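Asks: Please find one structure pasted underneath; my questions will follow.
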Amino acid sequence: MIFWRRRRYAKYRRGESWWQRLLNFGSWITWGTRLLLLLLILDAFYVSTIWPDWKKIAAGPIPKSSFILRYEKTYRSQDWPRVRWQPVPLDEIPKHLQRAVVVAEDSRFWQHDGFDLIAFKEAMDHNLSEGRLAFGASTISQQTVKNLFLSPSRNPLRKWHELLMTWGMEMNLKKKRILELYLNIAEFDRGVYGVEAAARHYWGIPASELNVTQSVELAACLPSPTKNNPQTRTEAFEHRVEKINGWMAPSLDEYSYD
């Protein structure tokens, strides 16, 4: 009798557990959806607190980037040199320097709307063939947003914020302004930000006097300026200079952002 009761109870429990599992699954979906919605609301609130005043960014002085501000707070403790940063208008930056940076960092900068899906696919194909993360595919617009407003962190949430703010910047700023911002905040050596400070740091001249060779070498600093630059002249740096010279081959007269 006891054995029969146990079997009957077990069958009942098996039947109940099947329905219970189904109900629990539905419950998990419900709670998962609620949690996701809550996280989205919290993230939207956070983004609203860091969302820039694009009208101020679109005109007026070049603001200090978050990277520059972070460097200013930490350079003493790291025994690094002081910040060197002298923003200049785009009109004072030679077109061959503008071209060198664009062909080196984001060749379709003037055509895309902040995101280069072609470059992304090419980078992912290369990374898969290499079996490692050898190349990224961030556009100049994305790099400008990251440098100006965000952190060097590579977590997915920071990348999500970068995408949102890149869209916002492309909707509110002209391409010339985005390039002007980037050329004035990109890092070209430890504590050296912007092409004006970089030109004075490496050659003792203003950016307006840089020739084509110097411009290519400055562009070749990116994206690892503290390691590869005109002073270290590493093998990787020389190889990048050679590549950029090849990309620069078309007549400079064809370069226009109008």
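All residue names refer to the structure tokens as shown: chains lettered A, B, ... in order, residues numbered from 1 in each chain, ligands numbered from 1 in order.
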Give the helix (DSSP H, G or I) residues of segment 50-122 of chain A, as DSSP finds them on the backbone, and put them as a PyMOL selection string.
Replies: chain A and resi 50+54-58+66-78+90-92+95-105+117-122
Asks: Just want the 12 Å neighbourhood of segment 241-247 of chain A, counted on only C-alpha atoms, with same-chain residues fewer than 3 positions away dropped. Output as a PyMOL selection string.
Replies: chain A and resi 96-97+99-107+212-222+228-230+233-238+250-252
Asks: Go ahead and write the selection's residues with C-alpha atoms as an mmCIF file, in the first residue's frame.
Replies:
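Once everything was written out, this is part_36.cif:
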```
data_model
loop_
_atom_site.group_PDB
_atom_site.id
_atom_site.type_symbol
_atom_site.label_atom_id
_atom_site.label_comp_id
_atom_site.auth_asym_id
_atom_site.auth_seq_id
_atom_site.Cartn_x
_atom_site.Cartn_y
_atom_site.Cartn_z
ATOM 1 C CA HIS A 96 47.319 67.655 -46.673
ATOM 2 C CA LEU A 97 47.366 67.043 -42.912
ATOM 3 C CA ARG A 99 43.750 64.292 -45.739
ATOM 4 C CA ALA A 100 46.528 62.229 -44.153
ATOM 5 C CA VAL A 101 44.536 61.738 -40.952
ATOM 6 C CA VAL A 102 41.316 60.924 -42.810
ATOM 7 C CA VAL A 103 42.873 58.331 -45.143
ATOM 8 C CA ALA A 104 44.717 56.796 -42.200
ATOM 9 C CA GLU A 105 41.809 56.626 -39.771
ATOM 10 C CA ASP A 106 38.534 56.743 -41.708
ATOM 11 C CA SER A 107 38.768 56.832 -45.501
ATOM 12 C CA VAL A 212 53.243 66.483 -46.536
ATOM 13 C CA THR A 213 55.939 64.181 -45.137
ATOM 14 C CA GLN A 214 55.491 65.520 -41.612
ATOM 15 C CA SER A 215 51.708 65.314 -41.942
ATOM 16 C CA VAL A 216 51.885 61.659 -42.941
ATOM 17 C CA GLU A 217 54.168 60.912 -39.995
ATOM 18 C CA LEU A 218 51.774 62.660 -37.643
ATOM 19 C CA ALA A 219 48.862 60.599 -38.999
ATOM 20 C CA ALA A 220 50.984 57.456 -38.599
ATOM 21 C CA CYS A 221 51.075 58.044 -34.827
ATOM 22 C CA LEU A 222 47.454 56.960 -34.649
ATOM 23 C CA ASN A 228 54.774 54.544 -32.538
ATOM 24 C CA ASN A 229 55.710 58.122 -33.425
ATOM 25 C CA PRO A 230 58.336 60.229 -35.241
ATOM 26 C CA ARG A 233 60.392 55.379 -35.374
ATOM 27 C CA THR A 234 59.473 51.769 -34.714
ATOM 28 C CA GLU A 235 59.154 49.258 -37.516
ATOM 29 C CA ALA A 236 55.365 49.414 -37.156
ATOM 30 C CA PHE A 237 55.498 53.205 -37.453
ATOM 31 C CA GLU A 238 57.633 53.112 -40.621
ATOM 32 C CA PRO A 250 45.913 60.634 -55.582
ATOM 33 C CA SER A 251 46.398 64.346 -56.199
ATOM 34 C CA LEU A 252 45.909 66.469 -53.103
#
```
Asks: May I have the residues within 6 Å of segment 176-190 of chain A as a PDB file with N, CA and C atoms, in the first residue's frame, using only C-alpha atoms and disregarding those fewer than 5 positions away in the same chain?
Replies:
```pdb
ATOM      1  N   PRO A  87      44.446  74.185 -29.109  1.00  0.00           N
ATOM      2  CA  PRO A  87      43.467  74.035 -30.192  1.00  0.00           C
ATOM      3  C   PRO A  87      43.558  75.164 -31.208  1.00  0.00           C
ATOM      4  N   LEU A  90      40.128  74.861 -37.952  1.00  0.00           N
ATOM      5  CA  LEU A  90      40.399  73.951 -39.067  1.00  0.00           C
ATOM      6  C   LEU A  90      41.100  74.670 -40.212  1.00  0.00           C
ATOM      7  N   THR A 144      35.837  60.686 -31.915  1.00  0.00           N
ATOM      8  CA  THR A 144      35.634  62.034 -31.380  1.00  0.00           C
ATOM      9  C   THR A 144      34.697  62.001 -30.185  1.00  0.00           C
ATOM     10  N   VAL A 195      46.782  68.486 -33.161  1.00  0.00           N
ATOM     11  CA  VAL A 195      47.851  68.583 -34.157  1.00  0.00           C
ATOM     12  C   VAL A 195      48.779  69.773 -33.909  1.00  0.00           C
ATOM     13  N   PRO A 225      49.994  56.290 -30.289  1.00  0.00           N
ATOM     14  CA  PRO A 225      50.988  57.363 -30.389  1.00  0.00           C
ATOM     15  C   PRO A 225      52.138  57.291 -29.392  1.00  0.00           C
ATOM     16  N   THR A 226      51.913  56.735 -28.221  1.00  0.00           N
ATOM     17  CA  THR A 226      53.006  56.705 -27.243  1.00  0.00           C
ATOM     18  C   THR A 226      54.057  55.662 -27.606  1.00  0.00           C
TER      19      THR A 226
END
```
Asks: Considering only strand (DSSP E) as DSSP defines it on the backbone, what residues of segment 94-228 of chain A qualify? List them as a ChimeraX atom specification.
Replies: /A:187-189,192-193
Asks: In terms of the shortest atom-to-atom distance over only C-alpha atoms, which of A:Phe115, A:Asn172, A:Ala199, A:Ser153 is closest to Lys56 of chain A?
Replies: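 Comparing A:Phe115, A:Asn172, A:Ala199, A:Ser153 against Lys56 of chain A, the winner is A:Asn172.
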Asks: Taking only C-alpha atoms into account, name the residue in A:Ile93, A:Lys73, A:Glu196, A:Pro223 that is nearest to Gln143 of chain A.
Replies: A:Pro223
Asks: Compare A:Thr74, A:Ser48, A:Ser141, A:Gln98 by their minimum atom-to-atom distance to Ala207 of chain A, counting only C-alpha atoms, and give me the closest one.
Replies: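 Checking each candidate against Ala207 of chain A, we get A:Gln98 as the closest.
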Asks: Could you check the closest approach to Lys146 of chain A for each of A:Thr33, A:Gln111, A:Ser65, A:Ser208 and tell me which residue wins, using only C-alpha atoms?
Replies: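 Among the listed residues, A:Ser65 lies closest to Lys146 of chain A.
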